[in-house]
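The file data29.cif comes next; it holds mmCIF, C-alpha atoms, pLDDT in the B column; chains and numbers go by the auth columns.
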```cif
data_run
loop_
_atom_site.group_PDB
_atom_site.id
_atom_site.type_symbol
_atom_site.label_atom_id
_atom_site.label_comp_id
_atom_site.label_asym_id
_atom_site.label_seq_id
_atom_site.Cartn_x
_atom_site.Cartn_y
_atom_site.Cartn_z
_atom_site.B_iso_or_equiv
_atom_site.auth_seq_id
_atom_site.auth_asym_id
ATOM 1 C CA GLN A 1 39.314 9.213 -20.478 38.00 1 A
ATOM 2 C CA LEU A 2 35.802 8.292 -21.534 40.00 2 A
ATOM 3 C CA LEU A 3 33.765 10.317 -19.036 40.00 3 A
ATOM 4 C CA PRO A 4 34.763 14.016 -18.856 44.00 4 A
ATOM 5 C CA GLU A 5 35.165 15.376 -15.335 43.00 5 A
ATOM 6 C CA TYR A 6 32.808 18.322 -15.811 40.00 6 A
ATOM 7 C CA MET A 7 29.881 15.889 -15.795 39.00 7 A
ATOM 8 C CA PHE A 8 30.480 14.970 -12.157 40.00 8 A
ATOM 9 C CA ASP A 9 30.333 16.463 -8.678 44.00 9 A
ATOM 10 C CA ARG A 10 34.020 17.250 -8.124 46.00 10 A
ATOM 11 C CA GLN A 11 33.818 16.213 -4.463 50.00 11 A
ATOM 12 C CA ARG A 12 32.866 12.690 -5.523 49.00 12 A
ATOM 13 C CA ILE A 13 34.568 12.315 -8.902 47.00 13 A
ATOM 14 C CA PRO A 14 36.487 9.061 -8.171 55.00 14 A
ATOM 15 C CA GLU A 15 33.455 7.348 -6.625 55.00 15 A
ATOM 16 C CA GLN A 16 31.084 8.493 -9.357 48.00 16 A
ATOM 17 C CA LYS A 17 33.413 7.520 -12.169 51.00 17 A
ATOM 18 C CA ARG A 18 33.917 4.020 -10.847 58.00 18 A
ATOM 19 C CA ALA A 19 30.179 3.487 -10.425 56.00 19 A
ATOM 20 C CA VAL A 20 29.202 4.881 -13.812 49.00 20 A
ATOM 21 C CA GLU A 21 32.003 3.271 -15.816 53.00 21 A
ATOM 22 C CA ALA A 22 31.277 -0.101 -14.263 54.00 22 A
ATOM 23 C CA ARG A 23 27.653 0.134 -15.390 50.00 23 A
ATOM 24 C CA VAL A 24 28.136 1.533 -18.874 49.00 24 A
ATOM 25 C CA GLU A 25 31.425 0.012 -20.047 56.00 25 A
ATOM 26 C CA LYS A 26 29.682 -2.283 -22.523 51.00 26 A
ATOM 27 C CA LEU A 27 27.196 0.380 -23.557 51.00 27 A
ATOM 28 C CA LEU A 28 29.952 2.834 -24.453 50.00 28 A
ATOM 29 C CA ARG A 29 32.092 0.485 -26.535 57.00 29 A
ATOM 30 C CA PRO A 30 30.970 2.186 -29.784 56.00 30 A
ATOM 31 C CA ALA A 31 32.618 5.391 -28.523 54.00 31 A
ATOM 32 C CA GLN A 32 36.048 3.801 -28.201 59.00 32 A
ATOM 33 C CA SER A 33 36.798 4.337 -31.875 60.00 33 A
ATOM 34 C CA LEU A 34 35.866 8.043 -31.782 58.00 34 A
ATOM 35 C CA ASP A 35 38.200 10.986 -31.231 63.00 35 A
ATOM 36 C CA GLU A 36 38.033 12.997 -27.995 63.00 36 A
ATOM 37 C CA ALA A 37 35.324 15.369 -29.217 64.00 37 A
ATOM 38 C CA GLY A 38 33.280 12.478 -30.558 61.00 38 A
ATOM 39 C CA ARG A 39 33.549 10.595 -27.264 57.00 39 A
ATOM 40 C CA GLU A 40 32.380 13.610 -25.290 59.00 40 A
ATOM 41 C CA ARG A 41 29.362 14.045 -27.577 60.00 41 A
ATOM 42 C CA PHE A 42 28.541 10.326 -27.362 56.00 42 A
ATOM 43 C CA VAL A 43 28.769 10.318 -23.566 55.00 43 A
ATOM 44 C CA HIS A 44 26.750 13.530 -23.305 55.00 44 A
ATOM 45 C CA ASP A 45 23.976 12.037 -25.450 56.00 45 A
ATOM 46 C CA PHE A 46 24.126 8.788 -23.459 51.00 46 A
ATOM 47 C CA ILE A 47 23.760 10.574 -20.112 49.00 47 A
ATOM 48 C CA CYS A 48 20.945 12.721 -21.501 50.00 48 A
ATOM 49 C CA GLY A 49 19.050 9.596 -22.534 48.00 49 A
ATOM 50 C CA ASN A 50 19.568 9.899 -26.271 49.00 50 A
ATOM 51 C CA VAL A 51 21.630 6.760 -26.836 47.00 51 A
ATOM 52 C CA ASP A 52 20.903 3.095 -26.321 45.00 52 A
ATOM 53 C CA ARG A 53 23.182 0.096 -26.425 39.00 53 A
ATOM 54 C CA HIS A 54 22.126 -1.267 -29.797 38.00 54 A
ATOM 55 C CA SER A 55 20.906 1.409 -32.184 40.00 55 A
ATOM 56 C CA GLY A 56 22.461 4.485 -30.568 41.00 56 A
ATOM 57 C CA ASN A 57 18.930 5.771 -30.067 46.00 57 A
ATOM 58 C CA PHE A 58 17.158 5.750 -26.701 46.00 58 A
ATOM 59 C CA PHE A 59 13.678 6.279 -28.109 47.00 59 A
ATOM 60 C CA LEU A 60 13.711 3.290 -30.446 43.00 60 A
ATOM 61 C CA ARG A 61 14.272 1.001 -27.439 46.00 61 A
ATOM 62 C CA PHE A 62 11.028 2.011 -25.726 49.00 62 A
ATOM 63 C CA ASP A 63 8.186 -0.482 -25.827 54.00 63 A
ATOM 64 C CA PRO A 64 4.863 1.382 -25.490 56.00 64 A
ATOM 65 C CA PRO A 65 2.763 -0.077 -22.644 55.00 65 A
ATOM 66 C CA LYS A 66 -0.340 -1.672 -24.139 56.00 66 A
ATOM 67 C CA SER A 67 -3.127 -3.739 -22.646 52.00 67 A
ATOM 68 C CA LYS A 68 -4.212 -7.090 -24.038 51.00 68 A
ATOM 69 C CA ASP A 69 -6.638 -5.478 -26.458 56.00 69 A
ATOM 70 C CA GLY A 70 -3.806 -3.444 -27.989 54.00 70 A
ATOM 71 C CA LYS A 71 -4.846 -0.117 -26.492 59.00 71 A
ATOM 72 C CA LEU A 72 -2.419 2.100 -24.621 61.00 72 A
ATOM 73 C CA SER A 73 -2.766 1.302 -20.919 64.00 73 A
ATOM 74 C CA GLY A 74 -4.604 4.260 -19.443 73.00 74 A
ATOM 75 C CA ILE A 75 -2.817 6.845 -21.600 79.00 75 A
ATOM 76 C CA THR A 76 -5.097 9.503 -23.071 86.00 76 A
ATOM 77 C CA LEU A 77 -2.597 12.269 -23.916 91.00 77 A
ATOM 78 C CA ILE A 78 0.935 12.086 -25.319 92.00 78 A
ATOM 79 C CA ASP A 79 3.157 15.167 -25.321 94.00 79 A
ATOM 80 C CA THR A 80 6.047 15.083 -27.774 94.00 80 A
ATOM 81 C CA ALA A 81 8.190 17.347 -29.966 94.00 81 A
ATOM 82 C CA PRO A 82 10.544 17.195 -32.959 92.00 82 A
ATOM 83 C CA ALA A 83 13.411 18.075 -30.606 89.00 83 A
ATOM 84 C CA TYR A 84 12.940 14.925 -28.525 88.00 84 A
ATOM 85 C CA GLY A 85 15.428 12.399 -29.866 80.00 85 A
ATOM 86 C CA LEU A 86 18.276 12.483 -32.353 76.00 86 A
ATOM 87 C CA ASP A 87 16.085 12.607 -35.469 80.00 87 A
ATOM 88 C CA CYS A 88 12.514 13.332 -34.355 87.00 88 A
ATOM 89 C CA ASP A 89 12.627 9.856 -32.823 85.00 89 A
ATOM 90 C CA ALA A 90 10.025 10.482 -30.125 88.00 90 A
ATOM 91 C CA GLU A 91 7.513 11.562 -32.755 92.00 91 A
ATOM 92 C CA LYS A 92 8.241 8.498 -34.853 90.00 92 A
ATOM 93 C CA LEU A 93 7.795 6.235 -31.836 87.00 93 A
ATOM 94 C CA VAL A 94 4.454 7.841 -31.019 90.00 94 A
ATOM 95 C CA GLY A 95 3.365 7.408 -34.622 91.00 95 A
ATOM 96 C CA GLU A 96 4.121 3.691 -34.449 87.00 96 A
ATOM 97 C CA ALA A 97 2.467 3.249 -31.062 84.00 97 A
ATOM 98 C CA LEU A 98 -0.797 4.911 -32.095 88.00 98 A
ATOM 99 C CA GLN A 99 -1.462 2.957 -35.282 85.00 99 A
ATOM 100 C CA GLY A 100 -5.070 1.789 -35.133 86.00 100 A
ATOM 101 C CA ILE A 101 -5.914 3.795 -31.996 87.00 101 A
ATOM 102 C CA ARG A 102 -5.173 7.354 -33.101 89.00 102 A
ATOM 103 C CA ASP A 103 -8.691 8.553 -32.281 89.00 103 A
ATOM 104 C CA LYS A 104 -8.350 7.341 -28.677 87.00 104 A
ATOM 105 C CA VAL A 105 -5.428 9.605 -27.774 90.00 105 A
ATOM 106 C CA VAL A 106 -4.802 13.365 -27.732 94.00 106 A
ATOM 107 C CA ILE A 107 -1.448 14.316 -29.279 96.00 107 A
ATOM 108 C CA SER A 108 0.324 17.444 -28.096 97.00 108 A
ATOM 109 C CA ASP A 109 3.224 18.415 -30.341 97.00 109 A
ATOM 110 C CA LYS A 110 5.513 21.406 -30.707 97.00 110 A
ATOM 111 C CA CYS A 111 7.365 23.613 -33.161 96.00 111 A
ATOM 112 C CA GLY A 112 10.119 26.194 -33.098 94.00 112 A
ATOM 113 C CA ILE A 113 13.125 24.166 -31.891 92.00 113 A
ATOM 114 C CA ILE A 114 15.686 22.869 -34.387 86.00 114 A
ATOM 115 C CA ARG A 115 18.131 20.238 -33.178 79.00 115 A
ATOM 116 C CA LYS A 116 21.502 20.595 -34.897 73.00 116 A
ATOM 117 C CA TYR A 117 24.751 18.840 -33.935 67.00 117 A
ATOM 118 C CA GLY A 118 23.379 18.168 -30.455 67.00 118 A
ATOM 119 C CA GLU A 119 22.379 21.802 -29.855 78.00 119 A
ATOM 120 C CA TYR A 120 18.854 23.196 -29.541 84.00 120 A
ATOM 121 C CA ILE A 121 18.194 26.281 -31.669 88.00 121 A
ATOM 122 C CA ARG A 122 15.056 28.376 -31.232 91.00 122 A
ATOM 123 C CA CYS A 123 13.603 29.436 -34.578 92.00 123 A
ATOM 124 C CA LEU A 124 10.065 30.685 -35.234 94.00 124 A
ATOM 125 C CA SER A 125 10.531 31.541 -38.868 93.00 125 A
ATOM 126 C CA PRO A 126 7.112 30.890 -40.452 93.00 126 A
ATOM 127 C CA TRP A 127 8.877 28.826 -43.105 92.00 127 A
ATOM 128 C CA VAL A 128 10.492 26.641 -40.421 92.00 128 A
ATOM 129 C CA VAL A 129 7.259 26.277 -38.450 95.00 129 A
ATOM 130 C CA ARG A 130 5.361 25.236 -41.567 95.00 130 A
ATOM 131 C CA GLY A 131 8.036 22.696 -42.448 94.00 131 A
ATOM 132 C CA GLN A 132 8.070 21.281 -38.929 95.00 132 A
ATOM 133 C CA LEU A 133 4.307 20.823 -38.952 97.00 133 A
ATOM 134 C CA GLU A 134 4.424 18.849 -42.192 96.00 134 A
ATOM 135 C CA ASP A 135 7.336 16.751 -40.896 95.00 135 A
ATOM 136 C CA SER A 136 5.541 16.084 -37.615 97.00 136 A
ATOM 137 C CA LEU A 137 2.411 14.896 -39.384 97.00 137 A
ATOM 138 C CA ARG A 138 4.510 12.417 -41.366 96.00 138 A
ATOM 139 C CA ASN A 139 6.439 11.261 -38.293 95.00 139 A
ATOM 140 C CA LEU A 140 3.259 10.806 -36.260 96.00 140 A
ATOM 141 C CA LYS A 141 1.497 9.069 -39.174 95.00 141 A
ATOM 142 C CA THR A 142 -1.565 11.245 -38.711 97.00 142 A
ATOM 143 C CA ASP A 143 -3.330 13.940 -40.680 96.00 143 A
ATOM 144 C CA TYR A 144 -3.938 16.232 -37.696 97.00 144 A
ATOM 145 C CA ILE A 145 -2.407 17.222 -34.365 98.00 145 A
ATOM 146 C CA ASP A 146 -4.758 17.909 -31.452 97.00 146 A
ATOM 147 C CA ILE A 147 -2.666 20.540 -29.645 97.00 147 A
ATOM 148 C CA TYR A 148 0.084 22.353 -31.527 98.00 148 A
ATOM 149 C CA MET A 149 2.428 24.314 -29.317 97.00 149 A
ATOM 150 C CA ILE A 150 5.157 26.899 -29.793 97.00 150 A
ATOM 151 C CA HIS A 151 7.996 25.301 -27.845 96.00 151 A
ATOM 152 C CA TRP A 152 9.949 28.443 -26.888 95.00 152 A
ATOM 153 C CA PRO A 153 9.834 32.148 -27.751 95.00 153 A
ATOM 154 C CA ASP A 154 12.395 33.230 -30.344 93.00 154 A
ATOM 155 C CA LEU A 155 14.289 36.488 -29.764 87.00 155 A
ATOM 156 C CA ASN A 156 15.415 36.660 -33.389 87.00 156 A
ATOM 157 C CA PHE A 157 12.156 36.205 -35.303 89.00 157 A
ATOM 158 C CA GLY A 158 9.896 37.155 -32.406 93.00 158 A
ATOM 159 C CA ILE A 159 6.542 35.465 -31.767 95.00 159 A
ATOM 160 C CA ASP A 160 4.078 37.579 -33.774 95.00 160 A
ATOM 161 C CA ASP A 161 4.419 35.894 -37.156 95.00 161 A
ATOM 162 C CA ALA A 162 4.348 32.429 -35.590 95.00 162 A
ATOM 163 C CA LEU A 163 1.170 33.318 -33.686 96.00 163 A
ATOM 164 C CA ASP A 164 -0.556 34.076 -36.995 96.00 164 A
ATOM 165 C CA LEU A 165 -0.008 30.518 -38.223 96.00 165 A
ATOM 166 C CA PRO A 166 -2.366 28.441 -36.007 95.00 166 A
ATOM 167 C CA ALA A 167 -5.450 29.992 -37.622 94.00 167 A
ATOM 168 C CA ARG A 168 -4.174 28.875 -41.039 96.00 168 A
ATOM 169 C CA PHE A 169 -3.274 25.416 -39.774 97.00 169 A
ATOM 170 C CA LYS A 170 -6.741 25.041 -38.234 96.00 170 A
ATOM 171 C CA LYS A 171 -8.402 26.101 -41.480 96.00 171 A
ATOM 172 C CA GLU A 172 -6.364 23.456 -43.284 97.00 172 A
ATOM 173 C CA GLY A 173 -7.502 20.856 -40.739 97.00 173 A
ATOM 174 C CA LYS A 174 -3.938 20.065 -39.683 98.00 174 A
ATOM 175 C CA ILE A 175 -4.276 21.122 -36.044 98.00 175 A
ATOM 176 C CA ARG A 176 -7.214 21.290 -33.648 97.00 176 A
ATOM 177 C CA GLU A 177 -5.974 23.790 -31.067 97.00 177 A
ATOM 178 C CA ALA A 178 -2.988 26.077 -30.411 97.00 178 A
ATOM 179 C CA ALA A 179 -0.852 26.395 -27.282 97.00 179 A
ATOM 180 C CA VAL A 180 2.481 27.798 -26.089 97.00 180 A
ATOM 181 C CA SER A 181 5.298 26.632 -23.844 96.00 181 A
ATOM 182 C CA ASN A 182 7.838 28.596 -21.788 95.00 182 A
ATOM 183 C CA PHE A 183 6.074 31.925 -22.432 96.00 183 A
ATOM 184 C CA SER A 184 5.957 34.820 -19.988 95.00 184 A
ATOM 185 C CA THR A 185 2.626 36.228 -18.790 96.00 185 A
ATOM 186 C CA ASP A 186 2.781 39.077 -21.324 96.00 186 A
ATOM 187 C CA GLN A 187 3.585 36.656 -24.120 97.00 187 A
ATOM 188 C CA ILE A 188 0.735 34.374 -23.047 97.00 188 A
ATOM 189 C CA ALA A 189 -1.646 37.342 -23.199 97.00 189 A
ATOM 190 C CA LYS A 190 -0.513 38.131 -26.744 97.00 190 A
ATOM 191 C CA ALA A 191 -0.803 34.470 -27.748 97.00 191 A
ATOM 192 C CA ALA A 192 -4.346 34.296 -26.366 97.00 192 A
ATOM 193 C CA GLU A 193 -5.322 37.393 -28.333 96.00 193 A
ATOM 194 C CA LYS A 194 -3.666 36.447 -31.627 95.00 194 A
ATOM 195 C CA ALA A 195 -3.826 32.656 -31.671 96.00 195 A
ATOM 196 C CA GLY A 196 -6.657 31.777 -29.277 96.00 196 A
ATOM 197 C CA ILE A 197 -4.485 29.364 -27.316 97.00 197 A
ATOM 198 C CA ILE A 198 -6.232 26.851 -25.082 96.00 198 A
ATOM 199 C CA CYS A 199 -3.326 26.021 -22.776 96.00 199 A
ATOM 200 C CA VAL A 200 0.250 26.787 -21.790 97.00 200 A
ATOM 201 C CA GLN A 201 3.082 24.488 -20.756 96.00 201 A
ATOM 202 C CA PRO A 202 5.411 26.051 -18.175 95.00 202 A
ATOM 203 C CA PRO A 203 7.897 24.239 -15.922 92.00 203 A
ATOM 204 C CA LEU A 204 6.675 23.475 -12.417 91.00 204 A
ATOM 205 C CA SER A 205 8.054 21.368 -9.604 90.00 205 A
ATOM 206 C CA ILE A 206 8.712 21.603 -5.893 87.00 206 A
ATOM 207 C CA LEU A 207 12.176 22.915 -6.829 85.00 207 A
ATOM 208 C CA ASP A 208 11.029 25.312 -9.538 86.00 208 A
ATOM 209 C CA ARG A 209 8.009 27.358 -8.489 89.00 209 A
ATOM 210 C CA GLU A 210 8.630 30.414 -10.638 88.00 210 A
ATOM 211 C CA THR A 211 5.520 29.616 -12.660 90.00 211 A
ATOM 212 C CA ILE A 212 3.542 30.318 -9.482 91.00 212 A
ATOM 213 C CA SER A 213 5.512 33.323 -8.247 91.00 213 A
ATOM 214 C CA SER A 214 5.520 34.957 -11.687 92.00 214 A
ATOM 215 C CA GLY A 215 1.731 34.861 -11.817 94.00 215 A
ATOM 216 C CA ILE A 216 1.455 32.543 -14.831 95.00 216 A
ATOM 217 C CA LEU A 217 -0.831 30.025 -13.128 94.00 217 A
ATOM 218 C CA SER A 218 -3.101 32.678 -11.651 95.00 218 A
ATOM 219 C CA TYR A 219 -3.275 34.522 -14.975 96.00 219 A
ATOM 220 C CA CYS A 220 -4.290 31.350 -16.779 96.00 220 A
ATOM 221 C CA ALA A 221 -6.888 30.499 -14.145 95.00 221 A
ATOM 222 C CA GLU A 222 -8.404 33.967 -14.359 96.00 222 A
ATOM 223 C CA ASN A 223 -8.536 33.906 -18.151 96.00 223 A
ATOM 224 C CA GLY A 224 -9.758 30.362 -18.738 96.00 224 A
ATOM 225 C CA ILE A 225 -6.477 29.080 -20.192 97.00 225 A
ATOM 226 C CA GLY A 226 -5.494 25.530 -19.319 96.00 226 A
ATOM 227 C CA THR A 227 -2.071 24.527 -17.990 95.00 227 A
ATOM 228 C CA MET A 228 -0.048 21.410 -18.791 94.00 228 A
ATOM 229 C CA THR A 229 3.168 21.737 -16.798 93.00 229 A
ATOM 230 C CA TYR A 230 6.449 19.893 -17.366 92.00 230 A
ATOM 231 C CA GLY A 231 9.500 19.044 -15.264 89.00 231 A
ATOM 232 C CA ALA A 232 7.535 17.654 -12.325 87.00 232 A
ATOM 233 C CA LEU A 233 10.692 15.919 -11.051 83.00 233 A
ATOM 234 C CA GLY A 234 12.767 19.074 -11.360 77.00 234 A
ATOM 235 C CA GLY A 235 14.892 17.677 -14.185 69.00 235 A
ATOM 236 C CA GLY A 236 15.716 14.510 -12.244 56.00 236 A
#
```

Once you've parsed the file, please lay out its structure as structure tokens.
Amino acid sequence: QLLPEYMFDRQRIPEQKRAVEARVEKLLRPAQSLDEAGRERFVHDFICGNVDRHSGNFFLRFDPPKSKDGKLSGITLIDTAPAYGLDCDAEKLVGEALQGIRDKVVISDKCGIIRKYGEYIRCLSPWVVRGQLEDSLRNLKTDYIDIYMIHWPDLNFGIDDALDLPARFKKEGKIREAAVSNFSTDQIAKAAEKAGIICVQPPLSILDRETISSGILSYCAENGIGTMTYGALGGG
């Protein structure tokens, strides 16, 4: 049983299984030698876009769109994070793609999410944030990040200590500007006061309009804070 039933609409399980298994039989052959738990993890990562048919890594299969002169085709900003990919793979891909044209593109990167055994752990320990920044610079093959963003608030360490770090990172020349993602209005206000953030990144789609109803967009507009939303397709 390669595809666990909880991943499907139970009203259409037989139909969905036949369709999916027919398409991915060859792609999932590496999972055949794994135990049940290993197969579930492999399939979960495959469905979530983290696995490809050759290297087991979705991100390393992406070919960045470039024009004939080698420049990225119309792309002026790339938003990434250490948590995207099995081993910071999105960052590494961006680093490869921007060789020779780094000054033509704005990089938005994040900190505060540790990916461990397929789980996402929020951690804003200053030690962790510092380490992630240094790792991101190496992965991106750059000596600075244009917009450095706290990915999620952390209920354990809180946000205060992490909000003190952007000023240090700016002084060191390692980031240009600070930002936050998935913060509430009150947290955004604190981040603006302590870290001088220039933008926030909340979710927003036709299916998820809480960013509007909660007053985040209006607060940012009134206080001169930019917005760079995510999830435009509602997670689809």

Determine the residue membership of the PyMOL selection byres ((chain A and resi 193-207) around 6) for the file above and supply it as a list in words. Leu163, Ala178, Ala179, Val180, Ser181, Asn182, Lys190, Ala191, Ala192, Asp208, Arg209, Ile225, Gly226, Thr227, Met228, Thr229, Tyr230, Gly231, Ala232 and Gly234 of chain A

Given the point (1.1, 23.0, -31.4) in the coordinates of this file, which residues lie within 7 Å, counting only C-alpha atoms, and how would they look as an MDAnalysis selection string? chainID A and resid 108:111 147:150 178:179

Take atom CA of Tyr219 of chain A and atom CA of Asp186 of chain A and report the distance between them in Å, one decimal. 9.9 Å

Could you jot down the atom CA of Ile113 of chain A to atom CA of Leu140 of chain A separation for me, Å, one decimal place?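 Going from atom CA of Ile113 of chain A over to atom CA of Leu140 of chain A, I get 17.2 Å.
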
What does the distance from atom CA of Arg176 of chain A to atom CA of Gly74 of chain A come to in Å, to one decimal? 22.3 Å

Centre and edge lengths of an axis-aligned box around all listed atoms of segment 118-124 of chain A, with 3 Å added on each side, are to be given in Å to one decimal, as lines of an AutoDock Vina configuration file.
```
center_x = 16.7
center_y = 24.4
center_z = -32.4
size_x = 19.3
size_y = 18.5
size_z = 11.7
```

Show which residues sit within 12 Å of Tyr120 of chain A, as a compact mmCIF listing (two decimals) with C-alpha atoms, keeping the file's coordinate frame. Count only C-alpha atoms, and ignore same-chain residues fewer than 5 positions away.
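Final output, saved to around-v8.txt:
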```txt
# COMPACT_ATOMS: atom_id res chain seq x y z
CA PRO A 82 10.54 17.20 -32.96
CA ALA A 83 13.41 18.08 -30.61
CA TYR A 84 12.94 14.92 -28.52
CA GLY A 85 15.43 12.40 -29.87
CA LEU A 86 18.28 12.48 -32.35
CA GLY A 112 10.12 26.19 -33.10
CA ILE A 113 13.12 24.17 -31.89
CA ILE A 114 15.69 22.87 -34.39
CA ARG A 115 18.13 20.24 -33.18
CA HIS A 151 8.00 25.30 -27.84
CA TRP A 152 9.95 28.44 -26.89
CA ASP A 154 12.40 33.23 -30.34
```

As a check of understanding, name the residues that the PyMOL selection byres ((chain A and resi 134) around 12) selects in the supplied structure, as a PyMOL selection string. chain A and resi 82+109-111+127-133+135-145+169+172+174-175

Residues picked by the PyMOL selection byres ((chain A and resi 92) around 9) here, as a list in words?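 Taken over the shown coordinates, the PyMOL selection byres ((chain A and resi 92) around 9) returns Phe59, Leu60, Asp87, Cys88, Asp89, Ala90, Glu91, Leu93, Val94, Gly95, Glu96, Ala97, Ser136, Arg138, Asn139, Leu140 and Lys141 of chain A.
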
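The shortest atom-to-atom distance to Leu217 of chain A, with all atoms listed in the file taken into account, belongs to A:Thr185 out of A:Gly100, A:Gly158, A:Thr185, A:Asp146.
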
What's around Ile216 of chain A at 9 Å? Count only C-alpha atoms, leave out sequence neighbours fewer than 2 positions away in its own chain, and write the answer as a ChimeraX atom specification. /A:183-185,188,202,210-214,218-221

Using all atoms listed in the file, which of A:Ala162, A:Leu77, A:Ala167, A:Ala189 sits nearest Ile107 of chain A?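 For Ile107 of chain A, the nearest of the given residues is A:Leu77.
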
Using the incomplete input, complete segment 142-148 of chain A to the level of all heavy atoms; output as an mmCIF file, keeping the file's coordinate frame.
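Result file result-v2.cif:
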```
data_model
loop_
_atom_site.group_PDB
_atom_site.id
_atom_site.type_symbol
_atom_site.label_atom_id
_atom_site.label_comp_id
_atom_site.auth_asym_id
_atom_site.auth_seq_id
_atom_site.Cartn_x
_atom_site.Cartn_y
_atom_site.Cartn_z
ATOM 1 N N THR A 142 -0.213 10.744 -38.924
ATOM 2 C CA THR A 142 -1.565 11.245 -38.711
ATOM 3 C C THR A 142 -1.794 12.429 -39.631
ATOM 4 O O THR A 142 -0.838 13.000 -40.175
ATOM 5 C CB THR A 142 -1.758 11.668 -37.239
ATOM 6 O OG1 THR A 142 -3.121 12.073 -37.032
ATOM 7 C CG2 THR A 142 -0.843 12.826 -36.866
ATOM 8 N N ASP A 143 -3.045 12.786 -39.834
ATOM 9 C CA ASP A 143 -3.330 13.940 -40.680
ATOM 10 C C ASP A 143 -3.721 15.175 -39.873
ATOM 11 O O ASP A 143 -4.062 16.208 -40.449
ATOM 12 C CB ASP A 143 -4.420 13.607 -41.711
ATOM 13 C CG ASP A 143 -5.689 13.085 -41.063
ATOM 14 O OD1 ASP A 143 -5.763 13.034 -39.821
ATOM 15 O OD2 ASP A 143 -6.616 12.718 -41.811
ATOM 16 N N TYR A 144 -3.680 15.058 -38.538
ATOM 17 C CA TYR A 144 -3.938 16.232 -37.696
ATOM 18 C C TYR A 144 -3.251 16.063 -36.347
ATOM 19 O O TYR A 144 -2.962 14.949 -35.912
ATOM 20 C CB TYR A 144 -5.441 16.436 -37.486
ATOM 21 C CG TYR A 144 -6.083 15.386 -36.600
ATOM 22 C CD1 TYR A 144 -6.255 15.588 -35.234
ATOM 23 C CD2 TYR A 144 -6.510 14.166 -37.134
ATOM 24 C CE1 TYR A 144 -6.822 14.618 -34.421
ATOM 25 C CE2 TYR A 144 -7.075 13.192 -36.339
ATOM 26 C CZ TYR A 144 -7.236 13.427 -34.974
ATOM 27 O OH TYR A 144 -7.795 12.455 -34.173
ATOM 28 N N ILE A 145 -2.983 17.190 -35.709
ATOM 29 C CA ILE A 145 -2.407 17.222 -34.365
ATOM 30 C C ILE A 145 -3.406 17.939 -33.462
ATOM 31 O O ILE A 145 -3.892 19.022 -33.800
ATOM 32 C CB ILE A 145 -1.049 17.941 -34.356
ATOM 33 C CG1 ILE A 145 -0.022 17.113 -35.152
ATOM 34 C CG2 ILE A 145 -0.557 18.178 -32.932
ATOM 35 C CD1 ILE A 145 1.294 17.836 -35.402
ATOM 36 N N ASP A 146 -3.723 17.354 -32.322
ATOM 37 C CA ASP A 146 -4.758 17.909 -31.452
ATOM 38 C C ASP A 146 -4.354 19.250 -30.842
ATOM 39 O O ASP A 146 -5.131 20.205 -30.861
ATOM 40 C CB ASP A 146 -5.089 16.904 -30.336
ATOM 41 C CG ASP A 146 -5.634 15.609 -30.879
ATOM 42 O OD1 ASP A 146 -6.805 15.584 -31.279
ATOM 43 O OD2 ASP A 146 -4.877 14.622 -30.927
ATOM 44 N N ILE A 147 -3.157 19.305 -30.271
ATOM 45 C CA ILE A 147 -2.666 20.540 -29.645
ATOM 46 C C ILE A 147 -1.299 20.846 -30.226
ATOM 47 O O ILE A 147 -0.364 20.051 -30.071
ATOM 48 C CB ILE A 147 -2.560 20.393 -28.111
ATOM 49 C CG1 ILE A 147 -3.912 20.008 -27.505
ATOM 50 C CG2 ILE A 147 -2.050 21.688 -27.491
ATOM 51 C CD1 ILE A 147 -3.848 19.670 -26.026
ATOM 52 N N TYR A 148 -1.189 21.975 -30.908
ATOM 53 C CA TYR A 148 0.084 22.353 -31.527
ATOM 54 C C TYR A 148 0.647 23.556 -30.791
ATOM 55 O O TYR A 148 0.004 24.591 -30.684
ATOM 56 C CB TYR A 148 -0.103 22.657 -33.005
ATOM 57 C CG TYR A 148 1.183 22.556 -33.795
ATOM 58 C CD1 TYR A 148 1.965 21.404 -33.743
ATOM 59 C CD2 TYR A 148 1.615 23.609 -34.598
ATOM 60 C CE1 TYR A 148 3.140 21.297 -34.475
ATOM 61 C CE2 TYR A 148 2.783 23.500 -35.342
ATOM 62 C CZ TYR A 148 3.541 22.346 -35.272
ATOM 63 O OH TYR A 148 4.707 22.248 -35.990
#
```
